[in-house]
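Raw contents of coords_8.cif, mmCIF, N, CA, C and O atoms:
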```cif
data_work
#
loop_
_atom_site.label_atom_id
_atom_site.label_comp_id
_atom_site.auth_asym_id
_atom_site.auth_seq_id
_atom_site.Cartn_x
_atom_site.Cartn_y
_atom_site.Cartn_z
N MET A 1 -144.89 -154.04 -118.24
CA MET A 1 -145.09 -155.31 -117.59
C MET A 1 -144.02 -156.27 -118.13
O MET A 1 -143.95 -156.52 -119.32
N SER A 2 -143.20 -156.79 -117.26
CA SER A 2 -142.15 -157.70 -117.71
C SER A 2 -142.69 -159.12 -117.83
O SER A 2 -143.69 -159.48 -117.22
N LYS A 3 -141.98 -159.90 -118.62
CA LYS A 3 -142.44 -161.27 -118.87
C LYS A 3 -142.33 -162.14 -117.62
O LYS A 3 -143.05 -163.11 -117.49
N GLU A 4 -141.43 -161.80 -116.71
CA GLU A 4 -141.27 -162.61 -115.51
C GLU A 4 -142.46 -162.49 -114.58
O GLU A 4 -142.76 -163.38 -113.81
N LYS A 5 -143.15 -161.36 -114.60
CA LYS A 5 -144.27 -161.13 -113.70
C LYS A 5 -145.61 -161.59 -114.27
O LYS A 5 -146.62 -161.46 -113.61
N LEU A 6 -145.62 -162.07 -115.50
CA LEU A 6 -146.87 -162.53 -116.09
C LEU A 6 -147.23 -163.91 -115.56
O LEU A 6 -146.43 -164.82 -115.59
N SER A 7 -148.42 -164.02 -115.06
CA SER A 7 -148.94 -165.31 -114.65
C SER A 7 -150.15 -165.62 -115.53
O SER A 7 -150.65 -164.75 -116.24
N ALA A 8 -150.61 -166.84 -115.46
CA ALA A 8 -151.77 -167.22 -116.26
C ALA A 8 -152.99 -166.41 -115.85
O ALA A 8 -153.80 -166.00 -116.70
N LYS A 9 -153.12 -166.15 -114.56
CA LYS A 9 -154.26 -165.36 -114.09
C LYS A 9 -154.20 -163.93 -114.61
O LYS A 9 -155.21 -163.38 -115.05
N ARG A 10 -153.03 -163.33 -114.58
CA ARG A 10 -152.87 -161.96 -115.06
C ARG A 10 -153.12 -161.87 -116.57
O ARG A 10 -153.76 -160.93 -117.04
N ILE A 11 -152.64 -162.85 -117.33
CA ILE A 11 -152.88 -162.86 -118.77
C ILE A 11 -154.37 -162.99 -119.06
O ILE A 11 -154.92 -162.28 -119.90
N THR A 12 -155.04 -163.88 -118.33
CA THR A 12 -156.48 -164.07 -118.51
C THR A 12 -157.25 -162.80 -118.17
O THR A 12 -158.20 -162.43 -118.86
N ILE A 13 -156.85 -162.12 -117.11
CA ILE A 13 -157.50 -160.87 -116.73
C ILE A 13 -157.32 -159.82 -117.83
O ILE A 13 -158.27 -159.12 -118.19
N TRP A 14 -156.11 -159.71 -118.38
CA TRP A 14 -155.87 -158.73 -119.43
C TRP A 14 -156.67 -159.06 -120.69
O TRP A 14 -157.14 -158.15 -121.38
N ILE A 15 -156.80 -160.33 -121.00
CA ILE A 15 -157.61 -160.71 -122.17
C ILE A 15 -159.06 -160.31 -121.94
O ILE A 15 -159.72 -159.74 -122.83
N CYS A 16 -159.59 -160.56 -120.75
CA CYS A 16 -160.98 -160.18 -120.45
C CYS A 16 -161.16 -158.67 -120.43
O CYS A 16 -162.21 -158.17 -120.87
N VAL A 17 -160.18 -157.93 -119.95
CA VAL A 17 -160.24 -156.47 -119.99
C VAL A 17 -160.27 -155.99 -121.44
O VAL A 17 -161.03 -155.08 -121.79
N ASN A 18 -159.47 -156.61 -122.29
CA ASN A 18 -159.49 -156.26 -123.72
C ASN A 18 -160.86 -156.52 -124.33
O ASN A 18 -161.35 -155.73 -125.13
N TYR A 19 -161.49 -157.63 -123.95
CA TYR A 19 -162.84 -157.92 -124.46
C TYR A 19 -163.83 -156.85 -124.01
O TYR A 19 -164.66 -156.40 -124.78
N GLY A 20 -163.74 -156.45 -122.74
CA GLY A 20 -164.64 -155.42 -122.23
C GLY A 20 -164.44 -154.08 -122.93
O GLY A 20 -165.41 -153.40 -123.28
N ILE A 21 -163.17 -153.70 -123.15
CA ILE A 21 -162.89 -152.45 -123.86
C ILE A 21 -163.40 -152.54 -125.29
O ILE A 21 -163.94 -151.57 -125.83
N PHE A 22 -163.25 -153.70 -125.91
CA PHE A 22 -163.73 -153.90 -127.27
C PHE A 22 -165.24 -153.65 -127.35
O PHE A 22 -165.71 -152.89 -128.19
N VAL A 23 -165.98 -154.28 -126.47
CA VAL A 23 -167.44 -154.16 -126.50
C VAL A 23 -167.88 -152.74 -126.16
O VAL A 23 -168.70 -152.14 -126.86
N LEU A 24 -167.33 -152.18 -125.09
CA LEU A 24 -167.69 -150.81 -124.71
C LEU A 24 -167.31 -149.80 -125.78
O LEU A 24 -168.09 -148.90 -126.11
N GLY A 25 -166.11 -149.96 -126.32
CA GLY A 25 -165.66 -149.04 -127.37
C GLY A 25 -166.51 -149.13 -128.61
O GLY A 25 -166.86 -148.11 -129.22
N PHE A 26 -166.90 -150.33 -128.98
CA PHE A 26 -167.71 -150.49 -130.18
C PHE A 26 -169.07 -149.84 -129.99
O PHE A 26 -169.54 -149.12 -130.87
N PHE A 27 -169.70 -150.07 -128.86
CA PHE A 27 -171.03 -149.50 -128.65
C PHE A 27 -171.00 -148.00 -128.40
O PHE A 27 -171.84 -147.26 -128.90
N ILE A 28 -170.02 -147.52 -127.64
CA ILE A 28 -169.95 -146.08 -127.35
C ILE A 28 -169.57 -145.30 -128.61
O ILE A 28 -170.22 -144.32 -128.96
N LEU A 29 -168.51 -145.74 -129.29
CA LEU A 29 -168.11 -145.03 -130.50
C LEU A 29 -169.12 -145.24 -131.63
O LEU A 29 -169.32 -144.34 -132.45
N GLY A 30 -169.76 -146.39 -131.67
CA GLY A 30 -170.77 -146.64 -132.69
C GLY A 30 -172.01 -145.79 -132.51
O GLY A 30 -172.69 -145.47 -133.48
N SER A 31 -172.31 -145.42 -131.29
CA SER A 31 -173.49 -144.59 -131.05
C SER A 31 -173.22 -143.11 -131.28
O SER A 31 -174.15 -142.30 -131.25
N MET A 32 -171.98 -142.72 -131.52
CA MET A 32 -171.65 -141.31 -131.73
C MET A 32 -171.92 -140.85 -133.16
O MET A 32 -171.74 -139.68 -133.45
N GLY A 33 -172.27 -141.75 -134.05
CA GLY A 33 -172.58 -141.35 -135.41
C GLY A 33 -171.65 -141.98 -136.42
O GLY A 33 -170.88 -142.89 -136.12
N THR A 34 -171.73 -141.46 -137.64
CA THR A 34 -170.95 -142.03 -138.73
C THR A 34 -169.88 -141.07 -139.22
O THR A 34 -169.52 -141.10 -140.40
N ASP A 35 -169.40 -140.22 -138.35
CA ASP A 35 -168.30 -139.34 -138.71
C ASP A 35 -167.09 -140.19 -139.06
O ASP A 35 -166.81 -141.21 -138.42
N LYS A 36 -166.36 -139.78 -140.10
CA LYS A 36 -165.24 -140.58 -140.60
C LYS A 36 -164.18 -140.81 -139.53
O LYS A 36 -163.65 -141.91 -139.39
N PHE A 37 -163.89 -139.80 -138.74
CA PHE A 37 -162.89 -139.92 -137.68
C PHE A 37 -163.31 -140.94 -136.63
O PHE A 37 -162.52 -141.75 -136.16
N ILE A 38 -164.58 -140.93 -136.25
CA ILE A 38 -165.09 -141.85 -135.23
C ILE A 38 -165.07 -143.28 -135.73
O ILE A 38 -164.65 -144.20 -135.02
N VAL A 39 -165.48 -143.49 -136.98
CA VAL A 39 -165.51 -144.84 -137.54
C VAL A 39 -164.09 -145.39 -137.67
O VAL A 39 -163.82 -146.54 -137.33
N TRP A 40 -163.17 -144.58 -138.17
CA TRP A 40 -161.78 -145.04 -138.28
C TRP A 40 -161.17 -145.29 -136.89
O TRP A 40 -160.43 -146.26 -136.71
N GLY A 41 -161.46 -144.43 -135.94
CA GLY A 41 -160.96 -144.65 -134.58
C GLY A 41 -161.49 -145.94 -133.99
O GLY A 41 -160.75 -146.69 -133.35
N ASN A 42 -162.76 -146.21 -134.21
CA ASN A 42 -163.37 -147.45 -133.73
C ASN A 42 -162.71 -148.65 -134.39
O ASN A 42 -162.41 -149.65 -133.73
N PHE A 43 -162.49 -148.58 -135.69
CA PHE A 43 -161.85 -149.67 -136.42
C PHE A 43 -160.43 -149.93 -135.91
O PHE A 43 -160.05 -151.07 -135.65
N ILE A 44 -159.67 -148.87 -135.75
CA ILE A 44 -158.28 -149.02 -135.29
C ILE A 44 -158.25 -149.56 -133.86
O ILE A 44 -157.42 -150.44 -133.55
N LEU A 45 -159.13 -149.08 -133.00
CA LEU A 45 -159.21 -149.59 -131.63
C LEU A 45 -159.55 -151.08 -131.63
O LEU A 45 -158.91 -151.86 -130.92
N ASP A 46 -160.51 -151.48 -132.44
CA ASP A 46 -160.91 -152.89 -132.48
C ASP A 46 -159.79 -153.78 -133.00
O ASP A 46 -159.53 -154.84 -132.44
N VAL A 47 -159.11 -153.34 -134.05
CA VAL A 47 -158.01 -154.14 -134.60
C VAL A 47 -156.88 -154.25 -133.59
O VAL A 47 -156.30 -155.33 -133.39
N PHE A 48 -156.56 -153.15 -132.91
CA PHE A 48 -155.50 -153.17 -131.90
C PHE A 48 -155.84 -154.13 -130.76
O PHE A 48 -155.00 -154.94 -130.35
N LEU A 49 -157.07 -154.06 -130.27
CA LEU A 49 -157.46 -154.93 -129.16
C LEU A 49 -157.49 -156.40 -129.56
O LEU A 49 -157.10 -157.27 -128.77
N VAL A 50 -157.91 -156.69 -130.77
CA VAL A 50 -157.90 -158.07 -131.24
C VAL A 50 -156.46 -158.57 -131.38
O VAL A 50 -156.15 -159.70 -130.99
N ALA A 51 -155.56 -157.74 -131.89
CA ALA A 51 -154.16 -158.14 -132.04
C ALA A 51 -153.50 -158.39 -130.69
O ALA A 51 -152.79 -159.39 -130.51
N VAL A 52 -153.74 -157.52 -129.72
CA VAL A 52 -153.17 -157.70 -128.39
C VAL A 52 -153.75 -158.95 -127.73
O VAL A 52 -153.01 -159.74 -127.12
N SER A 53 -155.05 -159.15 -127.85
CA SER A 53 -155.67 -160.34 -127.27
C SER A 53 -155.15 -161.61 -127.92
O SER A 53 -154.93 -162.61 -127.24
N LEU A 54 -154.93 -161.57 -129.22
CA LEU A 54 -154.40 -162.75 -129.91
C LEU A 54 -152.97 -163.04 -129.46
O LEU A 54 -152.62 -164.20 -129.23
N ALA A 55 -152.17 -162.00 -129.28
CA ALA A 55 -150.81 -162.20 -128.78
C ALA A 55 -150.82 -162.78 -127.37
O ALA A 55 -150.03 -163.68 -127.05
N LEU A 56 -151.70 -162.28 -126.52
CA LEU A 56 -151.80 -162.81 -125.16
C LEU A 56 -152.31 -164.25 -125.16
O LEU A 56 -151.87 -165.08 -124.35
N ASN A 57 -153.23 -164.57 -126.08
CA ASN A 57 -153.71 -165.95 -126.19
C ASN A 57 -152.60 -166.89 -126.61
O ASN A 57 -152.47 -168.00 -126.07
N ILE A 58 -151.78 -166.47 -127.55
CA ILE A 58 -150.66 -167.29 -128.00
C ILE A 58 -149.67 -167.47 -126.86
O ILE A 58 -149.13 -168.56 -126.64
N LEU A 59 -149.44 -166.40 -126.10
CA LEU A 59 -148.55 -166.48 -124.95
C LEU A 59 -149.10 -167.45 -123.90
O LEU A 59 -148.34 -168.18 -123.27
N LEU A 60 -150.41 -167.48 -123.75
CA LEU A 60 -151.04 -168.35 -122.75
C LEU A 60 -150.90 -169.83 -123.11
O LEU A 60 -150.96 -170.70 -122.25
N PHE A 61 -150.68 -170.14 -124.39
CA PHE A 61 -150.53 -171.53 -124.82
C PHE A 61 -149.15 -172.11 -124.52
O PHE A 61 -148.90 -173.28 -124.81
N ARG A 62 -148.25 -171.34 -123.94
CA ARG A 62 -146.95 -171.90 -123.53
C ARG A 62 -147.16 -172.95 -122.45
O ARG A 62 -148.11 -172.89 -121.67
N THR A 63 -146.24 -173.87 -122.38
CA THR A 63 -146.39 -174.99 -121.43
C THR A 63 -146.17 -174.57 -119.98
O THR A 63 -146.60 -175.28 -119.08
N LYS A 64 -145.53 -173.43 -119.74
CA LYS A 64 -145.28 -173.04 -118.35
C LYS A 64 -146.55 -172.55 -117.65
O LYS A 64 -146.59 -172.49 -116.44
N TYR A 65 -147.58 -172.20 -118.41
CA TYR A 65 -148.84 -171.77 -117.81
C TYR A 65 -149.76 -172.97 -117.68
O TYR A 65 -150.17 -173.57 -118.66
N GLN A 66 -150.08 -173.31 -116.46
CA GLN A 66 -150.89 -174.49 -116.17
C GLN A 66 -152.37 -174.14 -116.12
O GLN A 66 -152.99 -174.19 -115.07
N THR A 67 -152.91 -173.78 -117.24
CA THR A 67 -154.34 -173.49 -117.32
C THR A 67 -155.02 -174.61 -118.09
O THR A 67 -154.39 -175.26 -118.92
N PRO A 68 -156.29 -174.83 -117.84
CA PRO A 68 -157.00 -175.90 -118.55
C PRO A 68 -157.03 -175.62 -120.06
O PRO A 68 -157.20 -174.48 -120.49
N LEU A 69 -156.89 -176.67 -120.83
CA LEU A 69 -156.88 -176.54 -122.28
C LEU A 69 -158.21 -175.98 -122.80
O LEU A 69 -158.23 -175.18 -123.73
N LEU A 70 -159.30 -176.38 -122.18
CA LEU A 70 -160.60 -175.88 -122.59
C LEU A 70 -160.71 -174.36 -122.40
O LEU A 70 -161.27 -173.65 -123.23
N GLY A 71 -160.14 -173.85 -121.32
CA GLY A 71 -160.13 -172.40 -121.08
C GLY A 71 -159.30 -171.66 -122.11
O GLY A 71 -159.69 -170.60 -122.59
N LYS A 72 -158.13 -172.23 -122.46
CA LYS A 72 -157.28 -171.62 -123.47
C LYS A 72 -157.99 -171.57 -124.82
O LYS A 72 -157.97 -170.56 -125.51
N ILE A 73 -158.63 -172.67 -125.17
CA ILE A 73 -159.33 -172.74 -126.46
C ILE A 73 -160.53 -171.80 -126.47
O ILE A 73 -160.80 -171.14 -127.47
N ALA A 74 -161.24 -171.70 -125.35
CA ALA A 74 -162.41 -170.81 -125.28
C ALA A 74 -161.98 -169.35 -125.45
O ALA A 74 -162.64 -168.58 -126.17
N LEU A 75 -160.91 -168.95 -124.79
CA LEU A 75 -160.42 -167.58 -124.94
C LEU A 75 -159.94 -167.31 -126.36
O LEU A 75 -160.19 -166.23 -126.92
N LEU A 76 -159.26 -168.28 -126.96
CA LEU A 76 -158.80 -168.11 -128.33
C LEU A 76 -159.98 -168.00 -129.30
O LEU A 76 -159.98 -167.15 -130.20
N LEU A 77 -160.99 -168.82 -129.11
CA LEU A 77 -162.17 -168.75 -129.98
C LEU A 77 -162.91 -167.42 -129.81
O LEU A 77 -163.41 -166.85 -130.78
N ALA A 78 -162.98 -166.93 -128.58
CA ALA A 78 -163.62 -165.63 -128.36
C ALA A 78 -162.84 -164.52 -129.07
O ALA A 78 -163.44 -163.63 -129.70
N THR A 79 -161.52 -164.57 -129.00
CA THR A 79 -160.70 -163.58 -129.69
C THR A 79 -160.90 -163.67 -131.20
O THR A 79 -161.02 -162.65 -131.89
N LEU A 80 -160.93 -164.88 -131.72
CA LEU A 80 -161.14 -165.04 -133.16
C LEU A 80 -162.53 -164.57 -133.57
O LEU A 80 -162.71 -164.02 -134.66
N CYS A 81 -163.52 -164.77 -132.71
CA CYS A 81 -164.87 -164.26 -133.01
C CYS A 81 -164.90 -162.73 -133.02
O CYS A 81 -165.55 -162.13 -133.87
N PHE A 82 -164.20 -162.10 -132.09
CA PHE A 82 -164.11 -160.63 -132.10
C PHE A 82 -163.40 -160.15 -133.37
O PHE A 82 -163.78 -159.14 -133.95
N GLY A 83 -162.36 -160.87 -133.78
CA GLY A 83 -161.68 -160.52 -135.03
C GLY A 83 -162.58 -160.68 -136.24
O GLY A 83 -162.60 -159.83 -137.14
N ALA A 84 -163.34 -161.77 -136.28
CA ALA A 84 -164.28 -161.98 -137.39
C ALA A 84 -165.37 -160.92 -137.38
O ALA A 84 -165.79 -160.44 -138.45
N PHE A 85 -165.84 -160.53 -136.20
CA PHE A 85 -166.83 -159.47 -136.10
C PHE A 85 -166.28 -158.15 -136.64
O PHE A 85 -166.98 -157.42 -137.35
N THR A 86 -165.03 -157.84 -136.30
CA THR A 86 -164.41 -156.62 -136.80
C THR A 86 -164.32 -156.65 -138.32
O THR A 86 -164.64 -155.67 -138.99
N TYR A 87 -163.92 -157.78 -138.85
CA TYR A 87 -163.84 -157.92 -140.31
C TYR A 87 -165.22 -157.76 -140.93
O TYR A 87 -165.41 -157.04 -141.91
N PHE A 88 -166.21 -158.43 -140.36
CA PHE A 88 -167.55 -158.39 -140.90
C PHE A 88 -168.16 -156.99 -140.80
O PHE A 88 -168.81 -156.51 -141.73
N ALA A 89 -167.95 -156.31 -139.69
CA ALA A 89 -168.58 -155.01 -139.48
C ALA A 89 -167.93 -153.89 -140.29
O ALA A 89 -168.61 -152.96 -140.70
N PHE A 90 -166.63 -153.98 -140.53
CA PHE A 90 -165.94 -152.85 -141.15
C PHE A 90 -165.47 -153.10 -142.58
O PHE A 90 -165.33 -152.16 -143.34
N LEU A 91 -165.18 -154.33 -142.94
CA LEU A 91 -164.52 -154.55 -144.23
C LEU A 91 -165.36 -155.25 -145.27
O LEU A 91 -164.99 -155.26 -146.44
N MET A 92 -166.47 -155.85 -144.90
CA MET A 92 -167.30 -156.52 -145.90
C MET A 92 -168.22 -155.49 -146.57
O MET A 92 -168.85 -154.70 -145.87
N PRO A 93 -168.31 -155.49 -147.87
CA PRO A 93 -169.05 -154.43 -148.57
C PRO A 93 -170.56 -154.48 -148.40
O PRO A 93 -171.23 -153.52 -148.71
N GLU A 94 -171.11 -155.55 -147.90
CA GLU A 94 -172.56 -155.66 -147.79
C GLU A 94 -173.13 -154.98 -146.56
O GLU A 94 -174.34 -154.89 -146.41
N ASN A 95 -172.32 -154.50 -145.64
CA ASN A 95 -172.81 -154.05 -144.34
C ASN A 95 -173.06 -152.56 -144.22
O ASN A 95 -173.60 -152.12 -143.22
N GLY A 96 -172.66 -151.77 -145.17
CA GLY A 96 -172.96 -150.35 -145.11
C GLY A 96 -171.88 -149.50 -144.47
O GLY A 96 -171.81 -148.31 -144.73
N LEU A 97 -171.03 -150.06 -143.62
CA LEU A 97 -169.98 -149.26 -143.01
C LEU A 97 -168.81 -148.96 -143.96
O LEU A 97 -168.24 -147.90 -143.88
N PRO A 98 -168.43 -149.87 -144.85
CA PRO A 98 -167.28 -149.54 -145.71
C PRO A 98 -167.43 -148.28 -146.54
O PRO A 98 -166.46 -147.57 -146.73
N PRO A 99 -168.63 -147.90 -147.02
CA PRO A 99 -168.68 -146.61 -147.69
C PRO A 99 -168.28 -145.47 -146.75
O PRO A 99 -167.64 -144.53 -147.18
N VAL A 100 -168.62 -145.56 -145.47
CA VAL A 100 -168.21 -144.55 -144.52
C VAL A 100 -166.72 -144.68 -144.22
O VAL A 100 -165.99 -143.71 -144.11
N LEU A 101 -166.25 -145.92 -144.14
CA LEU A 101 -164.85 -146.17 -143.78
C LEU A 101 -163.90 -145.75 -144.89
O LEU A 101 -162.81 -145.29 -144.62
N PHE A 102 -164.30 -145.91 -146.13
CA PHE A 102 -163.37 -145.68 -147.23
C PHE A 102 -163.71 -144.50 -148.12
O PHE A 102 -163.31 -144.45 -149.26
N TYR A 103 -164.46 -143.52 -147.64
CA TYR A 103 -164.70 -142.31 -148.43
C TYR A 103 -163.45 -141.50 -148.52
O TYR A 103 -162.71 -141.31 -147.66
#
```

Represent the supplied structure as structure tokens.
Amino acid sequence: MSKEKLSAKRITIWICVNYGIFVLGFFILGSMGTDKFIVWGNFILDVFLVAVSLALNILLFRTKYQTPLLGKIALLLATLCFGAFTYFAFLMPENGLPPVLFY
């Protein structure tokens, strides 16, 4: 996808698709058990999707995209919440997943 063909609508759609993949991937891979490969795959998928969504959010904040500021901030906050959830679910020692993640 070239930068010339990106519109605000297309960026917003891709961000929402990333959110959907994040949620579906977390629940589907999370229900498969605590196998080390599955947990690491889920973690890497979540980190990748959060990074791509964050990059698209930053791109959306350019002045050439005429989207409402409230919409930009809402999408950015949702991305940051998904990132915080990934950190909380996989990297905080109180949640039980890090022993599986770091064996």

### Message
the PyMOL selection byres ((chain A and resi 52-61) around 8) - which residues does that actually catch in the file I just gave you? List them as a ChimeraX atom specification.
### Response
/A:7-8,11-12,14-16,18-19,45-51,62-68,72-73,75-76,79-80

Take every atom of stretch 61-65 of chain A listed in the file, fit an axis-aligned box around them, add 4 Å per side, and give the centre and edge lengths in Å to one decimal as JSON.
```
{"center_x": -148.0, "center_y": -172.7, "center_z": -120.6, "size_x": 13.4, "size_y": 13.1, "size_z": 16.4}
```

### Query
Hey, what does DSSP flag as helix (DSSP H, G or I) within stretch 58-94 of chain A? Can you give it to me as an MDAnalysis selection string?
chainID A and resid 58:60 69:90 93:94

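We find atom C of A:Gly30 and atom N of A:Ala74 to be spaced 29.0 Å apart.
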
### Task
Mind giving me the straight-line distance from atom N of A:Ala89 to atom C of A:Gly41 in Å, one decimal?
13.5 Å

### Option closest in space to A:Phe90, from A:Phe22, A:Phe43, A:Phe27, A:Phe37 [counting only N, CA, C and O atoms]
A:Phe43

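Atom to atom, atom CA of A:Asn42 and atom CA of A:Gly25 stand 6.9 Å apart.
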
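Distance check against A:Gly83 using only C-alpha atoms: of A:Ile38, A:Val17, A:Leu24, A:Ile44, the minimum falls on A:Ile44.
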